[in-house]
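File shown here: run36.cif, holding mmCIF, C-alpha atoms.
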data_entry
#
loop_
_atom_site.group_PDB
_atom_site.id
_atom_site.type_symbol
_atom_site.label_atom_id
_atom_site.label_comp_id
_atom_site.auth_asym_id
_atom_site.auth_seq_id
_atom_site.Cartn_x
_atom_site.Cartn_y
_atom_site.Cartn_z
ATOM 1 C CA MET A 283 -9.293 0.281 -24.538
ATOM 2 C CA GLY A 284 -5.690 1.242 -23.857
ATOM 3 C CA ASP A 285 -2.657 -0.804 -22.925
ATOM 4 C CA LEU A 286 -0.867 -0.847 -19.582
ATOM 5 C CA LEU A 287 2.817 0.051 -19.932
ATOM 6 C CA LEU A 288 5.295 -0.690 -17.169
ATOM 7 C CA VAL A 289 8.766 0.806 -16.736
ATOM 8 C CA ARG A 290 11.219 -0.464 -14.171
ATOM 9 C CA HIS A 291 13.483 2.341 -12.989
ATOM 10 C CA GLY A 292 17.057 2.538 -14.238
ATOM 11 C CA GLU A 293 20.004 0.926 -12.505
ATOM 12 C CA THR A 294 21.069 1.915 -8.976
ATOM 13 C CA GLU A 295 24.145 0.750 -7.083
ATOM 14 C CA TRP A 296 22.042 -1.781 -5.181
ATOM 15 C CA SER A 297 20.136 -3.097 -8.189
ATOM 16 C CA ARG A 298 23.524 -3.723 -9.784
ATOM 17 C CA SER A 299 24.860 -5.530 -6.681
ATOM 18 C CA GLY A 300 21.633 -7.475 -6.055
ATOM 19 C CA GLN A 301 20.845 -5.832 -2.701
ATOM 20 C CA HIS A 302 17.156 -5.646 -1.798
ATOM 21 C CA THR A 303 16.107 -1.994 -2.026
ATOM 22 C CA SER A 304 12.731 -0.764 -0.894
ATOM 23 C CA TYR A 305 12.720 2.402 1.265
ATOM 24 C CA THR A 306 16.429 3.257 0.796
ATOM 25 C CA ASP A 307 16.091 6.046 -1.745
ATOM 26 C CA LEU A 308 19.161 5.548 -3.914
ATOM 27 C CA PRO A 309 19.833 7.664 -6.997
ATOM 28 C CA LEU A 310 20.287 6.218 -10.446
ATOM 29 C CA THR A 311 23.838 5.376 -11.479
ATOM 30 C CA PRO A 312 25.166 7.050 -14.650
ATOM 31 C CA GLN A 313 24.251 3.792 -16.437
ATOM 32 C CA GLY A 314 20.764 3.992 -14.906
ATOM 33 C CA GLU A 315 20.338 7.547 -16.157
ATOM 34 C CA GLU A 316 21.381 6.442 -19.635
ATOM 35 C CA GLN A 317 18.914 3.539 -19.486
ATOM 36 C CA ALA A 318 16.136 5.981 -18.563
ATOM 37 C CA ARG A 319 17.038 8.419 -21.368
ATOM 38 C CA SER A 320 17.091 5.552 -23.864
ATOM 39 C CA LEU A 321 13.395 4.892 -23.148
ATOM 40 C CA ALA A 322 12.322 8.280 -24.528
ATOM 41 C CA PRO A 323 12.287 7.165 -28.198
ATOM 42 C CA LEU A 324 10.190 4.110 -27.285
ATOM 43 C CA LEU A 325 7.605 6.334 -25.610
ATOM 44 C CA ALA A 326 7.729 9.359 -27.941
ATOM 45 C CA GLY A 327 4.472 10.177 -29.631
ATOM 46 C CA ARG A 328 2.369 8.192 -27.161
ATOM 47 C CA SER A 329 -0.242 9.921 -25.079
ATOM 48 C CA PHE A 330 -1.303 8.522 -21.751
ATOM 49 C CA ALA A 331 -4.604 8.740 -19.935
ATOM 50 C CA LEU A 332 -2.706 8.279 -16.661
ATOM 51 C CA VAL A 333 0.978 8.246 -15.671
ATOM 52 C CA LEU A 334 1.817 7.111 -12.138
ATOM 53 C CA THR A 335 5.222 6.736 -10.513
ATOM 54 C CA SER A 336 6.460 5.335 -7.269
ATOM 55 C CA PRO A 337 7.259 8.161 -4.839
ATOM 56 C CA LEU A 338 10.916 7.073 -4.687
ATOM 57 C CA ALA A 339 13.494 9.236 -6.464
ATOM 58 C CA ARG A 340 14.827 6.455 -8.697
ATOM 59 C CA ALA A 341 11.386 5.984 -10.282
ATOM 60 C CA VAL A 342 10.570 9.703 -10.461
ATOM 61 C CA ARG A 343 13.933 10.443 -12.115
ATOM 62 C CA THR A 344 13.476 7.585 -14.592
ATOM 63 C CA ALA A 345 10.111 9.041 -15.620
ATOM 64 C CA GLU A 346 11.643 12.499 -16.079
ATOM 65 C CA LEU A 347 14.575 11.246 -18.160
ATOM 66 C CA ALA A 348 12.232 9.095 -20.276
ATOM 67 C CA GLY A 349 10.318 12.266 -21.161
ATOM 68 C CA LEU A 350 7.109 11.434 -19.321
ATOM 69 C CA THR A 351 5.040 14.423 -18.246
ATOM 70 C CA GLY A 352 1.927 14.873 -16.148
ATOM 71 C CA THR A 353 3.045 12.221 -13.692
ATOM 72 C CA ALA A 354 1.454 11.651 -10.299
ATOM 73 C CA ARG A 355 3.141 9.838 -7.435
ATOM 74 C CA ASP A 356 1.313 6.871 -5.974
ATOM 75 C CA ALA A 357 2.456 5.399 -2.649
ATOM 76 C CA ASP A 358 1.023 1.991 -3.607
ATOM 77 C CA LEU A 359 3.693 1.738 -6.362
ATOM 78 C CA HIS A 360 6.432 1.579 -3.692
ATOM 79 C CA GLU A 361 8.748 -1.425 -3.917
ATOM 80 C CA TRP A 362 8.128 -4.549 -1.802
ATOM 81 C CA HIS A 363 8.996 -3.675 1.818
ATOM 82 C CA TYR A 364 12.002 -5.875 2.559
ATOM 83 C CA GLY A 365 12.124 -5.101 6.295
ATOM 84 C CA ALA A 366 15.075 -6.943 7.872
ATOM 85 C CA TYR A 367 16.432 -7.740 4.396
ATOM 86 C CA GLU A 368 16.819 -4.129 3.228
ATOM 87 C CA GLY A 369 20.278 -3.776 1.697
ATOM 88 C CA VAL A 370 20.931 -7.525 1.921
ATOM 89 C CA THR A 371 21.463 -9.851 -1.051
ATOM 90 C CA THR A 372 19.663 -13.163 -1.491
ATOM 91 C CA GLU A 373 23.032 -14.926 -1.228
ATOM 92 C CA GLU A 374 23.598 -13.338 2.206
ATOM 93 C CA ILE A 375 20.091 -14.299 3.385
ATOM 94 C CA HIS A 376 20.671 -17.891 2.282
ATOM 95 C CA ARG A 377 23.657 -18.190 4.646
ATOM 96 C CA ASP A 378 21.220 -18.179 7.594
ATOM 97 C CA ARG A 379 18.045 -19.300 5.788
ATOM 98 C CA PRO A 380 19.077 -21.557 2.900
ATOM 99 C CA ASP A 381 15.473 -22.323 1.924
ATOM 100 C CA TRP A 382 14.234 -18.697 2.018
ATOM 101 C CA ASP A 383 12.275 -17.530 -1.011
ATOM 102 C CA LEU A 384 10.848 -14.011 -1.223
ATOM 103 C CA TRP A 385 7.940 -15.254 -3.342
ATOM 104 C CA THR A 386 6.701 -17.709 -0.714
ATOM 105 C CA ASP A 387 8.172 -16.440 2.568
ATOM 106 C CA GLY A 388 8.048 -12.674 2.139
ATOM 107 C CA ALA A 389 10.308 -10.465 4.233
ATOM 108 C CA PRO A 390 10.339 -10.184 8.042
ATOM 109 C CA PRO A 391 10.108 -6.800 9.795
ATOM 110 C CA GLY A 392 13.376 -5.014 10.480
ATOM 111 C CA SER A 393 14.592 -4.134 13.962
ATOM 112 C CA ASP A 394 14.565 -0.483 12.880
ATOM 113 C CA GLY A 395 10.756 -0.511 12.599
ATOM 114 C CA ASN A 396 10.655 -0.954 8.838
ATOM 115 C CA PRO A 397 7.961 -3.463 7.945
ATOM 116 C CA GLY A 398 8.448 -6.533 5.901
ATOM 117 C CA GLU A 399 5.730 -7.660 3.519
ATOM 118 C CA SER A 400 4.277 -10.962 2.437
ATOM 119 C CA PRO A 401 3.469 -11.672 -1.213
ATOM 120 C CA GLU A 402 -0.224 -11.303 -0.328
ATOM 121 C CA GLU A 403 0.314 -7.837 1.174
ATOM 122 C CA VAL A 404 2.173 -6.688 -1.944
ATOM 123 C CA GLY A 405 -0.623 -8.223 -4.013
ATOM 124 C CA LYS A 406 -3.210 -6.110 -2.184
ATOM 125 C CA ARG A 407 -1.289 -2.937 -3.075
ATOM 126 C CA ALA A 408 -1.023 -4.113 -6.682
ATOM 127 C CA ASP A 409 -4.774 -4.740 -6.765
ATOM 128 C CA ARG A 410 -5.432 -1.178 -5.564
ATOM 129 C CA VAL A 411 -3.217 0.181 -8.348
ATOM 130 C CA LEU A 412 -4.938 -2.036 -10.897
ATOM 131 C CA SER A 413 -8.362 -0.730 -9.879
ATOM 132 C CA ARG A 414 -7.144 2.828 -10.669
ATOM 133 C CA VAL A 415 -5.576 1.588 -13.918
ATOM 134 C CA THR A 416 -8.770 -0.213 -14.966
ATOM 135 C CA ALA A 417 -10.770 2.987 -14.489
ATOM 136 C CA ALA A 418 -8.360 4.900 -16.788
ATOM 137 C CA LEU A 419 -7.792 2.309 -19.551
ATOM 138 C CA PRO A 420 -11.025 3.150 -21.446
ATOM 139 C CA GLU A 421 -9.521 6.630 -21.962
ATOM 140 C CA GLY A 422 -6.218 5.323 -23.403
ATOM 141 C CA ASP A 423 -2.857 3.895 -22.428
ATOM 142 C CA VAL A 424 -1.681 3.961 -18.810
ATOM 143 C CA MET A 425 1.983 4.156 -17.721
ATOM 144 C CA LEU A 426 3.400 2.951 -14.397
ATOM 145 C CA VAL A 427 7.027 3.656 -13.431
ATOM 146 C CA ALA A 428 8.102 1.644 -10.427
ATOM 147 C CA HIS A 429 10.227 -1.245 -9.159
ATOM 148 C CA GLY A 430 11.120 -4.779 -10.186
ATOM 149 C CA HIS A 431 9.471 -6.998 -7.600
ATOM 150 C CA PHE A 432 6.389 -4.812 -7.276
ATOM 151 C CA LEU A 433 5.792 -4.662 -11.033
ATOM 152 C CA ARG A 434 6.224 -8.420 -11.266
ATOM 153 C CA VAL A 435 3.491 -8.913 -8.639
ATOM 154 C CA LEU A 436 1.295 -6.373 -10.442
ATOM 155 C CA THR A 437 1.762 -8.271 -13.709
ATOM 156 C CA ALA A 438 0.747 -11.527 -12.061
ATOM 157 C CA ARG A 439 -2.361 -9.910 -10.610
ATOM 158 C CA ARG A 440 -3.276 -8.292 -13.964
ATOM 159 C CA LEU A 441 -3.081 -11.737 -15.569
ATOM 160 C CA GLY A 442 -5.316 -13.250 -12.868
ATOM 161 C CA LEU A 443 -2.467 -15.089 -11.126
ATOM 162 C CA PRO A 444 -1.573 -15.156 -7.414
ATOM 163 C CA PRO A 445 1.036 -12.598 -6.256
ATOM 164 C CA ALA A 446 3.730 -15.286 -5.844
ATOM 165 C CA ASP A 447 3.566 -15.984 -9.581
ATOM 166 C CA GLY A 448 5.400 -12.709 -10.100
ATOM 167 C CA ARG A 449 8.447 -14.957 -9.782
ATOM 168 C CA LEU A 450 7.769 -16.052 -13.378
ATOM 169 C CA PHE A 451 8.475 -12.599 -14.868
ATOM 170 C CA ARG A 452 12.113 -11.527 -14.706
ATOM 171 C CA LEU A 453 12.235 -7.748 -15.098
ATOM 172 C CA GLU A 454 15.375 -5.829 -16.045
ATOM 173 C CA THR A 455 16.221 -2.248 -15.061
ATOM 174 C CA GLY A 456 15.442 0.481 -17.563
ATOM 175 C CA THR A 457 13.005 -1.530 -19.665
ATOM 176 C CA VAL A 458 9.441 -1.139 -20.936
ATOM 177 C CA CYS A 459 6.782 -3.844 -20.760
ATOM 178 C CA ARG A 460 3.317 -3.722 -22.282
ATOM 179 C CA LEU A 461 0.264 -5.563 -21.024
ATOM 180 C CA SER A 462 -2.584 -5.618 -23.508
ATOM 181 C CA THR A 463 -5.660 -7.731 -24.164
ATOM 182 C CA GLU A 464 -6.537 -10.492 -26.588
ATOM 183 C CA HIS A 465 -10.125 -11.697 -26.947
ATOM 184 C CA GLY A 466 -10.985 -9.680 -23.847
ATOM 185 C CA ARG A 467 -8.294 -11.273 -21.658
ATOM 186 C CA PRO A 468 -5.137 -9.589 -20.310
ATOM 187 C CA VAL A 469 -1.919 -10.747 -22.016
ATOM 188 C CA ILE A 470 1.753 -9.833 -22.126
ATOM 189 C CA ALA A 471 2.354 -8.052 -25.432
ATOM 190 C CA GLU A 472 5.992 -6.987 -24.821
ATOM 191 C CA TRP A 473 8.487 -7.694 -22.050
ATOM 192 C CA ASN A 474 11.888 -6.166 -21.160
ATOM 193 C CA THR A 475 11.968 -3.971 -24.261
ATOM 194 C CA ARG A 476 14.992 -1.721 -24.649
ATOM 195 C CA ALA A 477 15.696 0.985 -27.200
#

Could you express the structure from this file as structure tokens?
Amino acid sequence: MGDLLLVRHGETEWSRSGQHTSYTDLPLTPQGEEQARSLAPLLAGRSFALVLTSPLARAVRTAELAGLTGTARDADLHEWHYGAYEGVTTEEIHRDRPDWDLWTDGAPPGSDGNPGESPEEVGKRADRVLSRVTAALPEGDVMLVAHGHFLRVLTARRLGLPPADGRLFRLETGTVCRLSTEHGRPVIAEWNTRA
């Protein structure tokens, strides 16, 4: 049985500023590209039964710079749809909604037609990804390259927790995490590992 490895894409301008970024397809900053390149030694020599990336350029580019090959894009690995909060920081949201919490309230739809998502909706996408991962793990390790909030929800679901418990797992840009098993149960084996 293989392990599930997670990589959060490298830094973008909005991840650095704290702006919610789902469908806005920003490139990596020079620092983000360096973060992605620095992952290559951590992943060198590993073979993967399955490598999936988000379809967004920041995740695809991170996978390329980290030296991952044979990748397939999976729309379910897309970041949480922030709807009306796309490009907005939590601090800005709290000016109008001081009690707002992404993990309990989700994000409302945007006026431009972009959907918002609830934690439960993101959890359903994570569950679909995990069913594909579970089918591949008997063949070896599986790698997912995606986004911070989504991977946090996926981690919660892998550990048998509700989607909102993704709030418990802070995830830095350009890092590797490894979910393994102990006594037949999913566990966190490594978190926010950098070269």

Practice item. Find the residues near A:Pro309: any atom within 7 Å, counting all atoms listed in the file, skip ones fewer than 4 places away on the same chain, and give them as a list of chain:residue names. Key: A:Thr294, A:Ala339, A:Arg340

Review point. Which distance in Å separates atom CA of A:Gly398 and atom CA of A:Gly456, to one decimal?
Key: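 Atom CA of A:Gly456 lies at a distance of 25.5 Å from atom CA of A:Gly398.
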
Practice item. Go through A:Ser299, A:Asn474, A:Ser393, A:Thr386 and flag the residue nearest A:Ala446, using all atoms listed in the file for the distances. Key: A:Thr386

Review point. Can you list, as a PyMOL selection string, the residues that the PyMOL selection byres ((chain A and resi 318-322) around 7) selects here?
Key: chain A and resi 292+314-317+323-326+344+347-349+456+476-477

Practice item. Kindly indicate which residue among A:Asp383, A:Arg377, A:Val411, A:Pro391 lies nearest to A:Ala357, using only C-alpha atoms for the distances. Key: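 Looking at the shortest contact to A:Ala357, the residue is A:Val411.
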
**Study point:** Residues matched by the PyMOL selection byres ((chain A and resi 460) around 8), written as a ChimeraX atom specification
**Key:** /A:285-288,458-459,461-462,470-473

Practice item. Please evaluate the PyMOL selection byres ((chain A and resi 359-367) around 10) against the displayed coordinates and give the resulting residues as a count of residues only. Key: 54

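The two atoms in question, atom CA of A:Leu441 and atom CA of A:Thr463, are spaced 9.8 Å apart.
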
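Straight-line separation from atom CA of A:Leu310 to atom CA of A:Ala345: 11.8 Å.
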
What are the centre and edge lengths in Å, to one decimal, of the axis-aligned box around all listed atoms of stretch 349-353 of chain A with 6 Å added on each side, as AutoDock Vina command-line options?
--center_x 6.1 --center_y 13.2 --center_z -17.4 --size_x 20.4 --size_y 15.4 --size_z 19.5

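Distances here use only C-alpha atoms; by that measure, the residue among A:Met283, A:Glu295, A:Pro420, A:Thr437 closest to A:Leu308 is A:Glu295.
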
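With distances taken over all atoms listed in the file, A:Asp423 is the one residue among A:Arg290, A:Lys406, A:Gly284, A:Asp423 lying closest to A:Val333.
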
Which residues, written as a CSV table (one decimal) with C-alpha atoms, in the coordinates of the input, have at least one atom at most 8 Å from A:Ala331, with all atoms listed in the file counted and residues fewer than 5 positions away on the same chain left out?
chain,number,residue,atom,x,y,z
A,418,ALA,CA,-8.4,4.9,-16.8
A,419,LEU,CA,-7.8,2.3,-19.6
A,421,GLU,CA,-9.5,6.6,-22.0
A,422,GLY,CA,-6.2,5.3,-23.4
A,423,ASP,CA,-2.9,3.9,-22.4
A,424,VAL,CA,-1.7,4.0,-18.8

Review point. Between A:Val342, A:Leu412, A:His465, A:Asp447, which is the closest to A:Val289 once you count only C-alpha atoms?
Key: A:Val342

Check your understanding: From the set A:Thr475, A:Phe330, A:Glu464, A:Arg298, which residue has the shortest atom-to-atom contact distance to A:Met425, counting all atoms listed in the file?
Key ->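 Closest candidate: A:Phe330.
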